[in-house]
Each structure stands twice: as C-alpha cells, then as structure tokens.
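Shown next: entry26.csv, containing CSV, C-alpha atoms and all ligand atoms.
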```
chain,number,residue,atom,x,y,z
A,1,MET,CA,87.0,120.3,100.0
A,2,GLU,CA,83.7,119.5,98.3
A,3,SER,CA,85.1,117.1,95.7
A,4,VAL,CA,87.0,114.8,98.1
A,5,PHE,CA,84.0,112.5,98.4
A,6,ARG,CA,83.4,112.4,94.6
A,7,LEU,CA,86.6,110.4,94.3
A,8,LYS,CA,85.6,107.6,96.6
A,9,PRO,CA,84.8,104.4,94.7
A,10,ASN,CA,81.1,103.7,94.7
A,11,PRO,CA,80.5,100.5,96.7
A,12,PRO,CA,77.8,98.3,95.3
A,13,SER,CA,74.4,98.6,97.0
A,14,PRO,CA,74.1,96.6,100.3
A,15,ALA,CA,71.4,94.5,98.7
A,16,SER,CA,74.1,92.9,96.5
A,17,SER,CA,76.2,91.9,99.4
A,18,PRO,CA,76.6,88.1,99.9
A,19,PHE,CA,76.1,88.8,103.6
A,20,ALA,CA,72.9,90.8,103.1
A,21,GLY,CA,70.4,88.0,103.8
A,22,ALA,CA,70.3,86.1,107.1
A,23,SER,CA,68.7,83.2,105.1
A,24,LEU,CA,72.1,82.6,103.6
A,25,MET,CA,73.3,81.1,106.9
A,26,PRO,CA,70.5,78.8,107.9
A,27,VAL,CA,72.3,76.1,110.0
A,28,VAL,CA,75.0,77.6,112.2
A,29,ARG,CA,73.9,80.7,114.0
A,30,LEU,CA,76.9,83.0,113.7
A,31,SER,CA,76.8,86.8,113.5
A,32,ARG,CA,77.0,88.3,110.1
A,33,MET,CA,80.5,89.6,110.9
A,34,SER,CA,81.7,86.1,111.8
A,35,TRP,CA,80.5,84.9,108.5
A,36,ALA,CA,82.2,87.8,106.8
A,37,ARG,CA,85.4,87.0,108.6
A,38,ILE,CA,85.2,83.3,107.7
A,39,ALA,CA,84.5,84.2,104.0
A,40,VAL,CA,87.4,86.6,103.8
A,41,LEU,CA,89.7,84.0,105.4
A,42,VAL,CA,88.6,81.1,103.2
A,43,ILE,CA,88.6,83.0,99.9
A,44,GLY,CA,91.9,84.5,101.0
A,45,ILE,CA,93.5,81.1,101.6
A,46,MET,CA,92.1,79.9,98.3
A,47,PHE,CA,93.5,82.7,96.2
A,48,ASP,CA,96.5,83.9,98.1
A,49,ARG,CA,99.5,82.6,96.4
A,50,GLY,CA,101.4,84.0,99.4
A,51,GLY,CA,102.4,87.0,97.3
A,52,CYS,CA,105.0,84.5,96.0
A,53,GLU,CA,105.5,85.8,92.6
A,54,GLU,CA,107.7,88.6,91.4
A,55,TRP,CA,105.4,91.6,90.7
A,56,THR,CA,104.8,92.1,87.0
A,57,GLU,CA,102.0,93.7,85.0
A,58,ALA,CA,101.1,90.1,84.0
A,59,SER,CA,100.8,88.9,87.6
A,60,LEU,CA,98.5,91.8,88.4
A,61,LYS,CA,96.2,90.9,85.5
A,62,THR,CA,96.0,87.3,86.6
A,63,PHE,CA,94.8,88.1,90.1
A,64,PRO,CA,91.4,86.4,90.2
A,65,PHE,CA,89.3,89.4,91.2
A,66,ASP,CA,88.2,92.3,89.1
A,67,SER,CA,90.1,95.0,90.8
A,68,ARG,CA,87.9,97.7,89.2
A,69,LYS,CA,85.0,96.4,91.2
A,70,GLY,CA,86.9,95.8,94.4
A,71,PRO,CA,85.3,94.1,97.4
A,72,GLN,CA,81.6,93.5,98.1
A,73,ALA,CA,79.7,96.0,100.1
A,74,PRO,CA,80.5,96.0,103.8
A,75,PRO,CA,77.9,94.7,106.2
A,76,SER,CA,77.4,97.0,109.2
A,77,VAL,CA,79.5,95.9,112.2
A,78,THR,CA,79.5,96.7,115.8
A,79,ASP,CA,82.4,98.6,117.4
A,80,ALA,CA,83.4,95.5,119.3
A,81,GLU,CA,83.6,93.4,116.2
A,82,ARG,CA,85.6,96.1,114.4
A,83,ARG,CA,88.1,96.3,117.3
A,84,SER,CA,88.6,92.6,117.3
A,85,ILE,CA,89.3,92.5,113.6
A,86,LEU,CA,91.7,95.4,114.0
A,87,ALA,CA,93.4,93.7,116.9
A,88,GLY,CA,93.9,90.6,114.8
A,89,LYS,CA,95.1,92.6,111.8
A,90,SER,CA,92.9,90.3,109.8
A,91,CYS,CA,93.5,91.8,106.3
A,92,GLY,CA,94.4,88.3,105.3
A,93,ALA,CA,95.3,87.9,101.6
A,94,PHE,CA,93.5,91.1,100.6
A,95,PRO,CA,94.7,94.6,100.6
A,96,CYS,CA,93.8,96.4,103.8
A,97,SER,CA,92.0,99.0,101.8
A,98,TRP,CA,89.5,96.2,100.8
A,99,THR,CA,89.2,94.6,104.2
A,100,ALA,CA,88.8,98.0,105.7
A,101,GLN,CA,85.5,98.3,103.9
A,102,PHE,CA,84.2,95.4,106.0
A,103,ILE,CA,85.4,97.1,109.1
A,104,GLY,CA,84.2,100.7,108.7
A,105,GLY,CA,85.0,103.3,111.3
A,106,ASP,CA,88.1,105.6,111.5
A,107,MET,CA,90.7,104.8,109.0
A,108,ILE,CA,93.4,106.5,106.9
A,109,ASP,CA,92.5,108.3,103.7
A,110,LEU,CA,95.2,107.9,101.1
A,111,TYR,CA,95.2,110.2,98.1
A,112,GLY,CA,97.4,108.9,95.4
A,113,SER,CA,98.1,107.7,91.9
A,114,GLY,CA,99.9,104.8,90.2
A,115,SER,CA,103.4,106.4,90.8
A,116,PRO,CA,106.3,104.9,92.8
A,117,ASN,CA,106.2,107.6,95.5
A,118,VAL,CA,102.6,106.6,96.1
A,119,ALA,CA,103.4,102.8,96.0
A,120,ARG,CA,105.7,103.5,99.1
A,121,ILE,CA,102.6,104.4,101.1
A,122,PHE,CA,100.5,101.5,100.0
A,123,ILE,CA,103.4,99.2,101.0
A,124,ALA,CA,103.8,100.8,104.4
A,125,LEU,CA,100.0,100.7,105.1
A,126,GLU,CA,99.8,97.0,104.1
A,127,GLU,CA,103.0,96.0,106.1
A,128,LEU,CA,101.6,97.8,109.1
A,129,GLY,CA,98.1,96.3,108.7
A,130,LEU,CA,96.4,99.7,109.0
A,131,PRO,CA,92.9,100.1,107.6
A,132,TYR,CA,92.8,102.7,104.8
A,133,GLN,CA,90.7,104.0,102.0
A,134,ALA,CA,92.5,104.9,98.8
A,135,HIS,CA,91.3,107.7,96.6
A,136,ALA,CA,92.5,108.3,93.0
A,137,VAL,CA,93.9,111.8,92.2
A,138,ASP,CA,94.1,111.8,88.5
A,139,VAL,CA,97.3,113.7,88.0
A,140,PHE,CA,97.4,113.3,84.2
A,141,ALA,CA,93.9,114.9,84.1
A,142,GLY,CA,95.1,117.7,86.3
A,143,GLN,CA,93.1,116.9,89.4
A,144,GLN,CA,96.0,118.0,91.6
A,145,PHE,CA,95.2,121.6,90.5
A,146,GLU,CA,91.7,121.5,91.9
A,147,ALA,CA,91.1,123.7,95.0
A,148,TRP,CA,90.2,120.9,97.3
A,149,PHE,CA,93.5,119.1,96.6
A,150,GLY,CA,95.5,122.4,97.2
A,151,ASP,CA,94.0,122.4,100.7
A,152,LEU,CA,95.5,119.0,101.4
A,153,ASN,CA,98.9,119.7,99.8
A,154,PRO,CA,99.8,123.2,98.6
A,155,ASN,CA,102.7,121.6,96.6
A,156,ARG,CA,100.0,119.7,94.6
A,157,LYS,CA,101.6,116.3,94.6
A,158,VAL,CA,100.6,112.9,95.7
A,159,PRO,CA,100.8,111.0,98.1
A,160,VAL,CA,98.8,112.7,100.9
A,161,ILE,CA,97.2,110.9,103.9
A,162,VAL,CA,94.6,112.1,106.3
A,163,ASP,CA,94.6,110.0,109.5
A,164,HIS,CA,91.3,110.3,111.2
A,165,ASP,CA,92.6,108.5,114.2
A,166,GLY,CA,95.8,110.5,114.6
A,167,ALA,CA,97.4,112.1,117.7
A,168,CYS,CA,96.7,115.5,116.2
A,169,GLY,CA,93.0,114.7,115.4
A,170,ASP,CA,92.6,114.6,111.6
A,171,CYS,CA,96.3,114.6,110.7
A,172,THR,CA,97.0,115.6,107.1
A,173,ILE,CA,100.5,114.7,105.9
A,174,PHE,CA,102.2,115.1,102.5
A,175,GLU,CA,105.6,114.1,101.2
A,176,SER,CA,106.1,110.3,101.0
A,177,ALA,CA,109.1,110.3,103.4
A,178,ALA,CA,107.2,112.4,106.0
A,179,ILE,CA,104.3,109.9,105.7
A,180,LEU,CA,106.5,106.9,106.1
A,181,LEU,CA,108.0,108.4,109.3
A,182,TYR,CA,104.6,109.3,110.6
A,183,LEU,CA,103.2,105.8,110.0
A,184,ALA,CA,106.3,104.2,111.5
A,185,GLU,CA,106.1,106.4,114.6
A,186,LYS,CA,102.3,105.8,114.9
A,187,THR,CA,102.7,102.1,115.0
A,188,GLY,CA,106.3,101.6,116.4
A,189,ALA,CA,107.1,99.3,113.5
A,190,LEU,CA,109.4,99.5,110.4
A,191,LEU,CA,111.8,101.8,112.3
A,192,PRO,CA,113.9,100.7,115.3
A,193,SER,CA,113.8,102.8,118.4
A,194,HIS,CA,117.5,102.6,119.4
A,195,PRO,CA,119.1,105.9,118.1
A,196,SER,CA,122.0,104.3,116.1
A,197,ALA,CA,119.8,101.8,114.4
A,198,ARG,CA,117.1,104.4,113.9
A,199,TYR,CA,119.4,106.9,112.2
A,200,GLU,CA,120.9,104.1,110.0
A,201,VAL,CA,117.4,103.7,108.7
A,202,ILE,CA,116.7,107.4,108.4
A,203,GLN,CA,119.9,108.2,106.5
A,204,TRP,CA,119.3,105.4,104.0
A,205,MET,CA,115.7,106.4,103.5
A,206,MET,CA,116.9,110.0,102.9
A,207,VAL,CA,119.1,108.6,100.1
A,208,GLN,CA,115.9,107.3,98.5
A,209,VAL,CA,113.9,110.5,98.9
A,210,THR,CA,116.7,113.0,98.0
A,211,THR,CA,118.5,111.1,95.3
A,212,VAL,CA,116.8,107.9,94.0
A,213,GLY,CA,113.3,109.4,93.6
A,214,PRO,CA,114.3,112.8,92.1
A,215,MET,CA,117.1,111.4,89.8
A,216,MET,CA,114.9,108.6,88.6
A,217,GLY,CA,112.0,111.1,88.1
A,218,GLN,CA,114.1,113.3,86.0
A,219,LEU,CA,115.5,110.4,84.0
A,220,VAL,CA,112.0,109.2,83.3
A,221,HIS,CA,111.0,112.7,82.3
A,222,PHE,CA,113.9,113.2,79.8
A,223,THR,CA,113.5,109.7,78.5
A,224,ARG,CA,109.7,109.7,78.1
A,225,TYR,CA,108.4,113.2,78.0
A,226,ALA,CA,111.0,115.7,76.8
A,227,PRO,CA,110.9,116.7,73.1
A,228,ASP,CA,113.3,114.7,70.9
A,229,GLY,CA,116.6,116.3,70.0
A,230,ILE,CA,117.1,118.7,72.9
A,231,SER,CA,117.4,116.5,75.9
A,232,SER,CA,120.4,114.2,75.5
A,233,TYR,CA,122.7,116.2,77.8
A,234,SER,CA,120.0,116.2,80.6
A,235,ARG,CA,119.1,112.5,80.0
A,236,ASP,CA,122.8,111.5,80.1
A,237,ARG,CA,123.4,113.5,83.3
A,238,TYR,CA,120.4,111.8,85.1
A,239,HIS,CA,121.4,108.4,83.7
A,240,VAL,CA,124.9,108.8,85.3
A,241,GLN,CA,123.3,109.9,88.6
A,242,VAL,CA,120.9,107.0,88.7
A,243,ALA,CA,123.7,104.5,87.8
A,244,ARG,CA,125.9,106.0,90.5
A,245,VAL,CA,123.4,105.9,93.4
A,246,PHE,CA,122.4,102.3,92.5
A,247,ASP,CA,126.0,101.3,92.6
A,248,VAL,CA,126.2,102.7,96.1
A,249,ILE,CA,123.0,100.9,97.1
A,250,ASP,CA,124.2,97.6,95.6
A,251,ARG,CA,127.5,97.8,97.5
A,252,LYS,CA,125.5,98.6,100.7
A,253,LEU,CA,123.4,95.4,100.1
A,254,THR,CA,126.5,93.2,99.9
A,255,GLY,CA,126.2,91.0,103.0
A,256,SER,CA,123.2,92.9,104.3
A,257,GLU,CA,119.8,91.5,103.9
A,258,PHE,CA,118.0,94.8,103.9
A,259,LEU,CA,119.1,98.4,103.3
A,260,ALA,CA,119.7,99.3,106.9
A,261,GLY,CA,120.7,95.9,108.3
A,262,ASP,CA,118.8,92.7,109.0
A,263,MET,CA,115.3,94.3,109.5
A,264,PHE,CA,112.9,95.3,106.8
A,265,THR,CA,112.3,99.0,107.4
A,266,ILE,CA,110.9,102.2,105.8
A,267,ALA,CA,114.2,102.6,104.0
A,268,ASP,CA,113.4,99.4,102.0
A,269,VAL,CA,109.8,100.6,101.5
A,270,ALA,CA,111.0,103.8,100.0
A,271,LEU,CA,113.4,102.1,97.6
A,272,PHE,CA,111.4,99.1,96.3
A,273,PRO,CA,108.9,100.9,93.9
A,274,TRP,CA,111.7,102.7,92.1
A,275,THR,CA,113.5,99.4,91.4
A,276,VAL,CA,110.5,97.6,89.7
A,277,ARG,CA,111.2,99.1,86.2
A,278,LEU,CA,114.8,100.0,86.7
A,279,SER,CA,116.1,98.2,83.7
A,280,THR,CA,113.8,100.2,81.4
A,281,TYR,CA,115.7,103.3,82.3
A,282,LEU,CA,119.1,102.1,83.3
A,283,GLY,CA,119.5,99.5,80.6
A,284,ASP,CA,119.7,95.7,80.9
A,285,GLU,CA,123.4,95.5,80.9
A,286,GLN,CA,123.9,98.0,83.8
A,287,GLU,CA,121.1,96.6,85.8
A,288,GLU,CA,122.4,93.0,85.5
A,289,ARG,CA,125.6,94.1,87.3
A,290,LEU,CA,123.5,95.0,90.4
A,291,VAL,CA,123.4,91.5,91.8
A,292,ASN,CA,122.8,92.4,95.4
A,293,LEU,CA,120.0,94.7,94.5
A,294,ALA,CA,118.4,92.0,92.4
A,295,ARG,CA,118.5,89.5,95.3
A,296,TRP,CA,117.0,92.2,97.7
A,297,ARG,CA,114.3,93.2,95.2
A,298,HIS,CA,113.3,89.5,94.7
A,299,ASN,CA,113.0,89.0,98.4
A,300,VAL,CA,111.0,92.1,98.9
A,301,SER,CA,108.7,91.3,96.1
A,302,LEU,CA,107.8,88.0,97.8
A,303,ARG,CA,106.5,89.8,100.9
A,304,PRO,CA,102.7,89.2,101.0
A,305,ALA,CA,102.1,92.8,102.1
A,306,VAL,CA,104.0,94.1,99.0
A,307,GLY,CA,101.9,92.0,96.7
A,308,ARG,CA,98.7,93.3,98.3
A,309,ALA,CA,99.9,96.9,98.1
A,310,LEU,CA,100.6,96.7,94.4
A,311,ARG,CA,97.3,95.1,93.7
A,312,ALA,CA,95.5,97.8,95.7
A,313,GLN,CA,97.5,100.5,93.9
A,314,ASP,CA,96.5,99.0,90.5
A,315,ILE,CA,92.9,100.0,91.3
A,316,LEU,CA,93.9,103.7,91.4
A,317,ARG,CA,95.9,103.2,88.2
A,318,GLN,CA,92.9,101.8,86.4
A,319,GLN,CA,90.8,104.8,87.6
A,320,SER,CA,93.3,107.3,86.2
A,321,THR,CA,94.2,108.8,82.9
A,322,LYS,CA,97.2,107.2,81.3
A,323,PRO,CA,100.1,109.5,80.5
A,324,GLU,CA,99.8,108.8,76.8
A,325,ASP,CA,96.1,109.9,76.8
A,326,ALA,CA,96.8,113.2,78.7
A,327,ASP,CA,95.7,116.4,77.2
A,328,PRO,CA,98.8,118.4,76.0
A,329,GLY,CA,97.8,121.5,77.9
A,330,THR,CA,97.5,119.5,81.1
A,331,LEU,CA,100.9,117.9,80.5
A,332,ASP,CA,102.4,121.4,80.0
A,333,ARG,CA,100.9,122.5,83.3
A,334,LEU,CA,102.0,119.3,85.1
A,335,PHE,CA,105.6,119.7,83.9
A,336,GLY,CA,105.6,123.5,84.3
A,337,ARG,CA,106.7,124.1,80.7
A,338,ASP,CA,105.8,126.6,77.9
A,339,GLY,CA,105.0,129.2,80.6
A,340,ALA,CA,102.1,127.1,81.9
A,341,ARG,CA,101.3,128.0,85.5
A,342,ARG,CA,101.3,125.1,88.0
A,343,THR,CA,99.1,126.7,90.6
A,401,LIG,N1,108.8,114.5,96.9
A,401,LIG,C1,107.4,114.1,96.7
A,401,LIG,C2,107.2,113.8,95.2
A,401,LIG,C3,105.8,113.4,94.9
A,401,LIG,C4,105.6,113.4,93.3
A,401,LIG,O1,106.4,113.7,92.5
A,401,LIG,N2,104.3,113.1,93.0
A,401,LIG,C5,103.9,113.1,91.6
A,401,LIG,C6,103.4,111.7,91.3
A,401,LIG,S1,102.7,111.5,89.8
A,401,LIG,C7,102.8,114.1,91.4
A,401,LIG,O2,101.9,114.2,92.2
A,401,LIG,N3,102.9,114.8,90.3
A,401,LIG,C8,101.9,115.8,90.0
A,401,LIG,C9,102.4,117.1,89.6
A,401,LIG,O3,103.6,117.4,89.8
A,401,LIG,O4,101.7,118.0,89.2
A,401,LIG,C10,107.1,112.8,97.5
A,401,LIG,O5,108.0,112.0,97.7
A,401,LIG,O6,105.9,112.7,98.0
```

Step by step, read the file and then write its structure as structure tokens.
Ligand SMILES: N[C@@H](CCC(=O)N[C@@H](CS)C(=O)NCC(=O)O)C(=O)O
Amino acid sequence: MESVFRLKPNPPSPASSPFAGASLMPVVRLSRMSWARIAVLVIGIMFDRGGCEEWTEASLKTFPFDSRKGPQAPPSVTDAERRSILAGKSCGAFPCSWTAQFIGGDMIDLYGSGSPNVARIFIALEELGLPYQAHAVDVFAGQQFEAWFGDLNPNRKVPVIVDHDGACGDCTIFESAAILLYLAEKTGALLPSHPSARYEVIQWMMVQVTTVGPMMGQLVHFTRYAPDGISSYSRDRYHVQVARVFDVIDRKLTGSEFLAGDMFTIADVALFPWTVRLSTYLGDEQEERLVNLARWRHNVSLRPAVGRALRAQDILRQQSTKPEDADPGTLDRLFGRDGARRT
C-alpha cells in the first residue's frame, strides 16, 4: 500500500493560497471559509458555461483553468463549515474533486485513468455531489501491476474506489457497475427504489457492462492495437456486435428520454462515455443512422455534472502515459500477449 500516496497530486504550499493572509479581507469580517465559498461561487459563475457545450477535446482545452495545476491549496476548515458545504452540495461549477480540496475530511478515493469505464465513476460522483479525490493509475506505464494496486483490485483494472465514509468502514469497490450500484445505494439517487423501475435500470445498465463496454473494448483493441493483417475477422466480428447493440439501444431510446425511462440513472451514466467517440470505430455512416442515440447523447453532454466530470478526468489523462508512448513490453503485459504474464 505504500505507493498509494505517491500518486496524489501535490497541492501547492498553503502560503500560495489566495486565502492564506487575513489582510486580504480587510473590510468585511468574514471567516476564511466564507471567503473561500464566495470566491468559488463567483469564479464558478464567471466561468461556468453551464456545461452547455458538447464535450470535445477542443472544449476541454479551452476551459480557462490549467487543469494540470488544479485548484489552489485548501484553507483549513472546521467540521461545522465542512458539514454545511457538504449539505449544500456546493461543488458549483467545479469538479467535486477540486471543491473537495477546500473541504477536507472523509471523502472517496477514486483510482482511475482516462478510460470510458473510469469516466462512468467521475460522472456518478459529480452527479451525486460527493467529495472525492482522484488518483491516476498509469496503466500504459504498468502501474496496475504494482503490489499496492493488486491489494485494491486483484483483477488489476481501474476504476477502483475506497469510500472512507462507507457503511463497511473503508469500503473498497472495483468493477465500474458495482461502483455505480454502490454509489446509487449510498445516496438513494440515480436508481429508483420501486422494484420494477429499479430493475428496468439495472437490466439496461447490465447491457452496458456486459455488451457495450466489452464489445467496444475489443473493437478498439483490434482497430488500434492488433498487428496488421491478422485481425480483420476479429475486428469485423466486434464491429457487427457493436453495431447490433447500438441499434437495440437506439430503438429503446425512441420516445424515451433516457435509457430506462424519463429519469437520468446509472444506466445512462454507464452508456455515455462509450458513445463519445463512437463514430471513430463504428463509422460516420452507421453512426448517423442512430438518431435517437444522438439526441440522447447531446442532452446528456449538456448536463453540468457531466462537463465537470470530463474536465476532472482530463487531469488524470494528462498525468498518464499515452498509449502511443507506451513501452512495447508493458503493452504486451497489458494485453496479455506474447506469453507476457499479467500478474
Ligand atoms: N469490467 C471492468 C473493466 C475495466 C477496464 O477494462 N479497465 C481498463 C481501463 S484502461 C484497465 O484497467 N486496463 C488495464 C489492464 O487491463 O491491465 C470495469 O467495468 O470496471
């Protein structure tokens, strides 16, 4: 477990915090935390475009903060102040992983990367307004094979969360769908309680985790990573499977605002990240036929929490090795090929 803390981003020293000196607030006598809250709110209002743009690489780059630096150092706050911020879910325009640094205290550790299965968890945490701290696991540098990560997930895949305020104490959960269910049950949101509505959501979420994720994952693998010349049968098979399941989803979205009805749920959270670059792998022509999916994706992309989630995940992406820069031996181990041992 020793290297868990190495991965945490280094906050700037408290001396560099704009809230560090009381002399910055000479006229109105407010507590530091009140000033911090006001600053977060004002800057948030100034820069939040309501998440009202479809997420693209370009929109991430134009976000007015240097996401590599993240937020300013947190001032120390009292428990009462922290509770009142949490009660107000005052993440504002910023990712809750940023605001959480102003709050301190128990929060959720998220271990992840820039992948779609990890994006699911960022979106859920932001939708639920839960404070969390994100840690990069650099999978294209092989960090998932380090001993400390095997203690968190013996299957050596991200995402993993550790909830320090969980019903089971420090609850460690892996597998993105299990995490989504856990977070929904913890908060009583994104999943209806009535059994028929609940299982409508669960069955559509299962379509994502058993079919969309794995089929897309294999299609991406055989399109991007497999050696030329030997993979056309496999690529064609996964292409057909992806096209088929998205036809099913598109039909389901006819006359239905969200995947499991008129409420945004963990089924939508599970699907969205895999649709962001769908045309790259499915082809423009096939994707254009999915008109209901396009309408749904556009609406989901306008949700402020989704915008915040993707910006927060981009910080992890920037801290990680790009697939094209990965060492060939690490790629062999990651993909379990050429006799390389994964564990
Ligand atoms: N079924 C898993 C899949 C997770 C997954 O495939 N994670 C990839 C994201 S890059 C990973 O960690 N790969 C590293 C590896 O396989 O070594 C989930 O939904 O959580």

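With distances restricted to all atoms listed in the file, A:Leu310 is the closest residue to A:Val276 from A:Ile108, A:Met206, A:Leu310, A:Ala243.
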
Chain A near ligand LIG 401 (chain A) within 10 Å: what's each residue's closest atom pair and its distance in Å to one decimal, counting all atoms listed in the file, ordered by chain then ascending residue number, as a Markdown table?
```
| residue | atom | partner | partner_atom | distance |
| --- | --- | --- | --- | --- |
| A:Tyr111 | CA | A:LIG401 | O2 | 9.8 |
| A:Gly112 | CA | A:LIG401 | O2 | 7.7 |
| A:Ser113 | CA | A:LIG401 | S1 | 6.3 |
| A:Gly114 | CA | A:LIG401 | S1 | 7.3 |
| A:Ser115 | CA | A:LIG401 | S1 | 5.2 |
| A:Pro116 | CA | A:LIG401 | C6 | 7.5 |
| A:Asn117 | CA | A:LIG401 | O5 | 5.2 |
| A:Val118 | CA | A:LIG401 | C6 | 7.0 |
| A:Arg120 | CA | A:LIG401 | O5 | 8.9 |
| A:Ile121 | CA | A:LIG401 | O6 | 9.5 |
| A:Val137 | CA | A:LIG401 | O2 | 8.4 |
| A:Asp138 | CA | A:LIG401 | S1 | 8.7 |
| A:Val139 | CA | A:LIG401 | C8 | 5.4 |
| A:Phe140 | CA | A:LIG401 | C8 | 7.8 |
| A:Ala141 | CA | A:LIG401 | O4 | 9.8 |
| A:Gly142 | CA | A:LIG401 | O4 | 7.2 |
| A:Gln143 | CA | A:LIG401 | O4 | 8.7 |
| A:Gln144 | CA | A:LIG401 | O4 | 6.2 |
| A:Phe145 | CA | A:LIG401 | O4 | 7.5 |
| A:Asn153 | CA | A:LIG401 | O2 | 9.8 |
| A:Asn155 | CA | A:LIG401 | O3 | 8.0 |
| A:Arg156 | CA | A:LIG401 | O4 | 5.9 |
| A:Lys157 | CA | A:LIG401 | O2 | 3.2 |
| A:Val158 | CA | A:LIG401 | O2 | 4.0 |
| A:Pro159 | CA | A:LIG401 | O6 | 5.4 |
| A:Val160 | CA | A:LIG401 | O6 | 7.7 |
| A:Ile173 | CA | A:LIG401 | O6 | 9.8 |
| A:Phe174 | CA | A:LIG401 | O6 | 6.3 |
| A:Glu175 | CA | A:LIG401 | O6 | 3.5 |
| A:Ser176 | CA | A:LIG401 | O6 | 3.8 |
| A:Ala177 | CA | A:LIG401 | O5 | 6.0 |
| A:Ala178 | CA | A:LIG401 | O6 | 8.1 |
| A:Ile179 | CA | A:LIG401 | O6 | 8.3 |
| A:Leu180 | CA | A:LIG401 | O5 | 9.9 |
| A:Gln208 | CA | A:LIG401 | O5 | 9.2 |
| A:Val209 | CA | A:LIG401 | O5 | 6.2 |
| A:Thr210 | CA | A:LIG401 | N1 | 8.1 |
| A:Gly213 | CA | A:LIG401 | O5 | 7.2 |
| A:Pro214 | CA | A:LIG401 | N1 | 7.5 |
| A:Gly217 | CA | A:LIG401 | O1 | 7.6 |
| A:Ala270 | CA | A:LIG401 | O5 | 9.0 |
| A:Pro323 | CA | A:LIG401 | S1 | 9.9 |
| A:Thr330 | CA | A:LIG401 | O4 | 9.2 |
| A:Leu331 | CA | A:LIG401 | O4 | 8.7 |
| A:Asp332 | CA | A:LIG401 | O4 | 9.8 |
| A:Arg333 | CA | A:LIG401 | O4 | 7.5 |
| A:Leu334 | CA | A:LIG401 | O4 | 4.3 |
| A:Phe335 | CA | A:LIG401 | O3 | 6.6 |
| A:Gly336 | CA | A:LIG401 | O4 | 8.3 |
| A:Arg342 | CA | A:LIG401 | O4 | 7.2 |
| A:Thr343 | CA | A:LIG401 | O4 | 9.2 |
```

In Å, how far is it from atom CA of A:Ala184 to atom CA of A:Gln319? 28.5 Å

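Distances to A:Arg235 were evaluated for A:Gln218, A:Gly150, A:Arg289, A:Arg251 using only C-alpha atoms, and the minimum falls at A:Gln218.
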
What is the distance, in Å and to one decimal place, between atom CA of A:Gln313 and atom CA of A:Arg277? 15.8 Å

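In this structure, atom CA of A:Leu219 sits 11.1 Å away from atom CA of A:Tyr233.
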
So which residues touch A:Ala260 within 9 Å, counting only C-alpha atoms, skipping near sequence neighbours fewer than 3 positions away, as a PyMOL selection string? chain A and resi 197+200-205+252-253+256-257+263-265+267-268

Since we have the selection now, will you write its residues out, keeping C-alpha atoms, as a PDB file, in the frame of the given file?
```pdb
ATOM      1  CA  ALA A 197     119.800 101.800 114.400  1.00  0.00           C
ATOM      2  CA  GLU A 200     120.900 104.100 110.000  1.00  0.00           C
ATOM      3  CA  VAL A 201     117.400 103.700 108.700  1.00  0.00           C
ATOM      4  CA  ILE A 202     116.700 107.400 108.400  1.00  0.00           C
ATOM      5  CA  GLN A 203     119.900 108.200 106.500  1.00  0.00           C
ATOM      6  CA  TRP A 204     119.300 105.400 104.000  1.00  0.00           C
ATOM      7  CA  MET A 205     115.700 106.400 103.500  1.00  0.00           C
ATOM      8  CA  LYS A 252     125.500  98.600 100.700  1.00  0.00           C
ATOM      9  CA  LEU A 253     123.400  95.400 100.100  1.00  0.00           C
ATOM     10  CA  SER A 256     123.200  92.900 104.300  1.00  0.00           C
ATOM     11  CA  GLU A 257     119.800  91.500 103.900  1.00  0.00           C
ATOM     12  CA  MET A 263     115.300  94.300 109.500  1.00  0.00           C
ATOM     13  CA  PHE A 264     112.900  95.300 106.800  1.00  0.00           C
ATOM     14  CA  THR A 265     112.300  99.000 107.400  1.00  0.00           C
ATOM     15  CA  ALA A 267     114.200 102.600 104.000  1.00  0.00           C
ATOM     16  CA  ASP A 268     113.400  99.400 102.000  1.00  0.00           C
TER      17      ASP A 268
END
```

Excluding same-chain residues fewer than 2 positions from A:Ala124, what lies within 9 Å of it counting all atoms listed in the file, as a PDB file with C-alpha atoms, in the coordinates of the input?
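Result went into result39.pdb, see below:
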```
ATOM      1  CA  ALA A 119     103.400 102.800  96.000  1.00  0.00           C
ATOM      2  CA  ARG A 120     105.700 103.500  99.100  1.00  0.00           C
ATOM      3  CA  ILE A 121     102.600 104.400 101.100  1.00  0.00           C
ATOM      4  CA  PHE A 122     100.500 101.500 100.000  1.00  0.00           C
ATOM      5  CA  GLU A 126      99.800  97.000 104.100  1.00  0.00           C
ATOM      6  CA  GLU A 127     103.000  96.000 106.100  1.00  0.00           C
ATOM      7  CA  LEU A 128     101.600  97.800 109.100  1.00  0.00           C
ATOM      8  CA  GLY A 129      98.100  96.300 108.700  1.00  0.00           C
ATOM      9  CA  LEU A 130      96.400  99.700 109.000  1.00  0.00           C
ATOM     10  CA  LEU A 180     106.500 106.900 106.100  1.00  0.00           C
ATOM     11  CA  LEU A 183     103.200 105.800 110.000  1.00  0.00           C
ATOM     12  CA  ALA A 184     106.300 104.200 111.500  1.00  0.00           C
ATOM     13  CA  LEU A 190     109.400  99.500 110.400  1.00  0.00           C
ATOM     14  CA  ILE A 266     110.900 102.200 105.800  1.00  0.00           C
ATOM     15  CA  VAL A 269     109.800 100.600 101.500  1.00  0.00           C
ATOM     16  CA  ALA A 270     111.000 103.800 100.000  1.00  0.00           C
ATOM     17  CA  ALA A 305     102.100  92.800 102.100  1.00  0.00           C
ATOM     18  CA  VAL A 306     104.000  94.100  99.000  1.00  0.00           C
ATOM     19  CA  ALA A 309      99.900  96.900  98.100  1.00  0.00           C
TER      20      ALA A 309
END
```

Taking all atoms listed in the file into account, which of A:Ser232, A:Thr275, A:Ile123, A:Ala136 comes nearest A:His298?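 Answer, going by the shortest atom-to-atom distance: A:Thr275.
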
For a quick check of understanding, using only C-alpha atoms, which of A:Cys96, A:Glu146, A:Ala226, A:Asp247 has the smallest distance to A:Pro131?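 Going through A:Cys96, A:Glu146, A:Ala226, A:Asp247 one by one, the smallest distance to A:Pro131 is for A:Cys96.
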
Best match for closeness to A:Ala134 among A:Asp109, A:Asp262, A:Asp165, A:Asp151, counting all atoms listed in the file: A:Asp109
